[in-house]
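Engineer: Here you go, one structure.
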Amino acid sequence: MALSDLLYPDNPKRRQELIHLHQELLNCMSTNFHATNELAGVLNEHLGCTIPHIQMRESSTVKENCDIIIQAMSEIQHQVQKIDSDMKEKLEPVLYQKLYDIKEPELEKIAIAHKIFSIVLGEVTSTAGMVAMKLLGSNLITLTVSNLISLLAQIGASVLGGLSITVLGLGIEMILHAILGAVERNQLLAAVRSYEKHLAEFKAASEKYQQAIGEVTSLVRQQAQ
């Protein structure tokens with residue numbers, strides 16, 4: 001009996017669905033690599049950070065690539081937390097509270113942030129304060145990135161995390177063989193269904209992450225015009 005018959009005896013279409021799921025995951029991860037590099041570039045250029053760019057490794061596993069993104073996102077989180085700490089240290093408590101007061105005019109908060117960055121970094125770009133307030137005042141770091149990191153960790157720990165990025169080139173039988181080597185046959189369907197669930201959550205979180213980064217980079221481009 002073929003491996004595919006063992007996995008899905010009543011639904012041959014599932015073989016193609018498995019390929020499609022894996023390709024969707026890779027496409028989504030690739031887009032997140034690009035978005036993360038865009039955000040790192042903005043932080044490096046305007047806020048004096050030195051976050052290295054990342055690259056998807058086709059010779060590595062899904063988990064290893066998840067770990068690369070997680071490390072970059074964690075560094076972004078760290079840098080934004082440092083920005084907040086610098087603000088809190090150098091501002092009077094009343095001014096610091098203004099940064100997070102939704103009733104305060106946005107332009108005034110941007111001016112406060114820009115002044116602090118001028119002190120910390122010396123010469124800064126005209127958009128430094130705006131970028132800082134966009135990151136501090138939105139849920140990009142506190143919610144969006146944290147949620148995506150959690151989902152990436154779940155995917156990396158799942159049965160598909162051990163698959164190579166390039167496994168598609170080896171054909172569906174190799175994918176099935178890789179999965180069969182990782183779990184017992186009676187656990188396979190549950191594992192793949194879990195993967196489908198993780199992918200759906202990952203795609204939704206990725207869209208929010210990419211949209212949030214798009215808002216930041218759009219502000220920067222508008223200022224440059």
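Scheme for the structure tokens: letters A, B, ... for chains in order shown; per-chain residue numbers from 1; ligand numbers from 1 in order shown.
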Excluding Lys90 (chain A) and its own-chain neighbours fewer than 4 positions away, which residues fall within 10 Å of it when counting only C-alpha atoms? Please give them as a ChimeraX atom specification.
Structural biologist: /A:85-86,95-96,116,119-120
Engineer: Let me see the file: selected residues, N, CA and C atoms, as a compact mmCIF listing (two decimals), in the first residue's frame.
Structural biologist:
```txt
# COMPACT_ATOMS: atom_id res chain seq x y z
N SER A 85 12.48 52.89 27.51
CA SER A 85 13.27 53.13 28.73
C SER A 85 14.03 54.44 28.65
N ASP A 86 14.59 54.74 27.46
CA ASP A 86 15.31 56.01 27.28
C ASP A 86 14.37 57.19 27.48
N LEU A 95 5.80 64.59 31.23
CA LEU A 95 6.01 64.53 29.78
C LEU A 95 5.97 63.09 29.28
N TYR A 96 6.54 62.18 30.07
CA TYR A 96 6.53 60.76 29.68
C TYR A 96 5.09 60.24 29.59
N ILE A 116 14.03 63.99 22.42
CA ILE A 116 14.79 63.00 23.18
C ILE A 116 15.79 62.29 22.28
N ILE A 119 18.80 64.26 21.65
CA ILE A 119 19.73 64.24 22.79
C ILE A 119 20.51 62.93 22.82
N VAL A 120 19.80 61.82 22.61
CA VAL A 120 20.42 60.49 22.70
C VAL A 120 21.37 60.21 21.54
```
Engineer: Could you pull the residues within 12 Å of Ile68 (chain A), counting only C-alpha atoms, minus those fewer than 6 positions along the same chain, as a list in words?
Structural biologist: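 Counting only C-alpha atoms, the residues come to Met29, Ser30, Asn32, Phe33, Thr36, Asn37, Pro52, His53, Ile54, Gln55, Met56, Arg57, Ser60, Thr61, Val62, Ser74, Glu75, Ile149, Leu152, Ala153 and Gly156 of chain A.
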Engineer: Write the residues of the preceding selection, restricted to C-alpha atoms, as a PDB file, in the first residue's frame.
Structural biologist:
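Now in out-v2.pdb:
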```
ATOM      1  CA  MET A  29       7.258  32.912   6.018  1.00  0.00           C
ATOM      2  CA  SER A  30       9.027  34.501   3.041  1.00  0.00           C
ATOM      3  CA  ASN A  32       7.405  37.839   6.978  1.00  0.00           C
ATOM      4  CA  PHE A  33      11.162  37.747   6.375  1.00  0.00           C
ATOM      5  CA  THR A  36      10.807  42.105   9.269  1.00  0.00           C
ATOM      6  CA  ASN A  37      13.739  43.405   7.230  1.00  0.00           C
ATOM      7  CA  PRO A  52      20.874  42.721  11.181  1.00  0.00           C
ATOM      8  CA  HIS A  53      18.814  41.746   8.148  1.00  0.00           C
ATOM      9  CA  ILE A  54      17.707  38.139   7.934  1.00  0.00           C
ATOM     10  CA  GLN A  55      17.454  35.716   5.036  1.00  0.00           C
ATOM     11  CA  MET A  56      15.372  32.599   4.546  1.00  0.00           C
ATOM     12  CA  ARG A  57      17.611  29.534   4.376  1.00  0.00           C
ATOM     13  CA  SER A  60      17.352  24.553   6.585  1.00  0.00           C
ATOM     14  CA  THR A  61      14.197  23.182   8.175  1.00  0.00           C
ATOM     15  CA  VAL A  62      10.938  25.031   8.786  1.00  0.00           C
ATOM     16  CA  SER A  74      12.783  39.475  19.685  1.00  0.00           C
ATOM     17  CA  GLU A  75      15.604  41.910  18.894  1.00  0.00           C
ATOM     18  CA  ILE A 149       6.440  34.886  17.810  1.00  0.00           C
ATOM     19  CA  LEU A 152       6.102  30.663  14.932  1.00  0.00           C
ATOM     20  CA  ALA A 153       7.258  28.738  17.990  1.00  0.00           C
ATOM     21  CA  GLY A 156       8.484  25.086  14.710  1.00  0.00           C
TER      22      GLY A 156
END
```
Engineer: I'd like the interatomic distance between CA of Arg193 (chain A) and CA of Met73 (chain A), to a tenth of an Å.
Structural biologist: 27.2 Å
Engineer: Can you check which residues of region 25-147 of chain A DSSP gives as helix (DSSP H, G or I) on the backbone and send them as a PyMOL selection string?
Structural biologist: chain A and resi 25-47+62-90+93-99+106-121+128-137+140-147
Engineer: Hey, what's within 12 Å of region 143-146 of chain A if we count only C-alpha atoms and toss same-chain stuff fewer than 6 positions away? As a count of residues only, please?
Structural biologist: 31
Engineer: I'd like the contact shell of His114 (chain A) - 7 Å cut-off, only C-alpha atoms, skipping same-chain residues fewer than 4 positions apart - returned as a PDB file with C-alpha atoms, in the first residue's frame.
Structural biologist:
```
ATOM      1  CA  ILE A 110       6.118  63.455  18.148  1.00  0.00           C
ATOM      2  CA  SER A 118      18.198  64.389  19.301  1.00  0.00           C
ATOM      3  CA  ALA A 128      12.646  59.843  14.095  1.00  0.00           C
ATOM      4  CA  GLY A 129      10.007  61.140  16.510  1.00  0.00           C
TER       5      GLY A 129
END
```
Engineer: Please indicate the distance in Å from CA of His46 (chain A) to CA of Thr125 (chain A), rounded to one decimal place.
Structural biologist: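 So the answer is 5.8 Å.
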Engineer: Can you work out the spacing between CA of Leu26 (chain A) and CA of Ser194 (chain A) in Å, to one decimal?
Structural biologist: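 That distance, rounded to one decimal, is 16.9 Å.
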Engineer: From the list A:Val220, A:Val42, A:Ile155, A:Gln97, which residue is nearest Lys63 (chain A) when using only C-alpha atoms?
Structural biologist: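 Among the listed residues, A:Ile155 lies closest to Lys63 (chain A).
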Engineer: Just the residues within 9 Å of region 105-107 of chain A, please, counting only C-alpha atoms, with nothing from its chain fewer than 6 positions along; format it as a list in words.
Structural biologist: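 So, after excluding close chain neighbours, the residues are Leu99, Met130 and Met133 of chain A.
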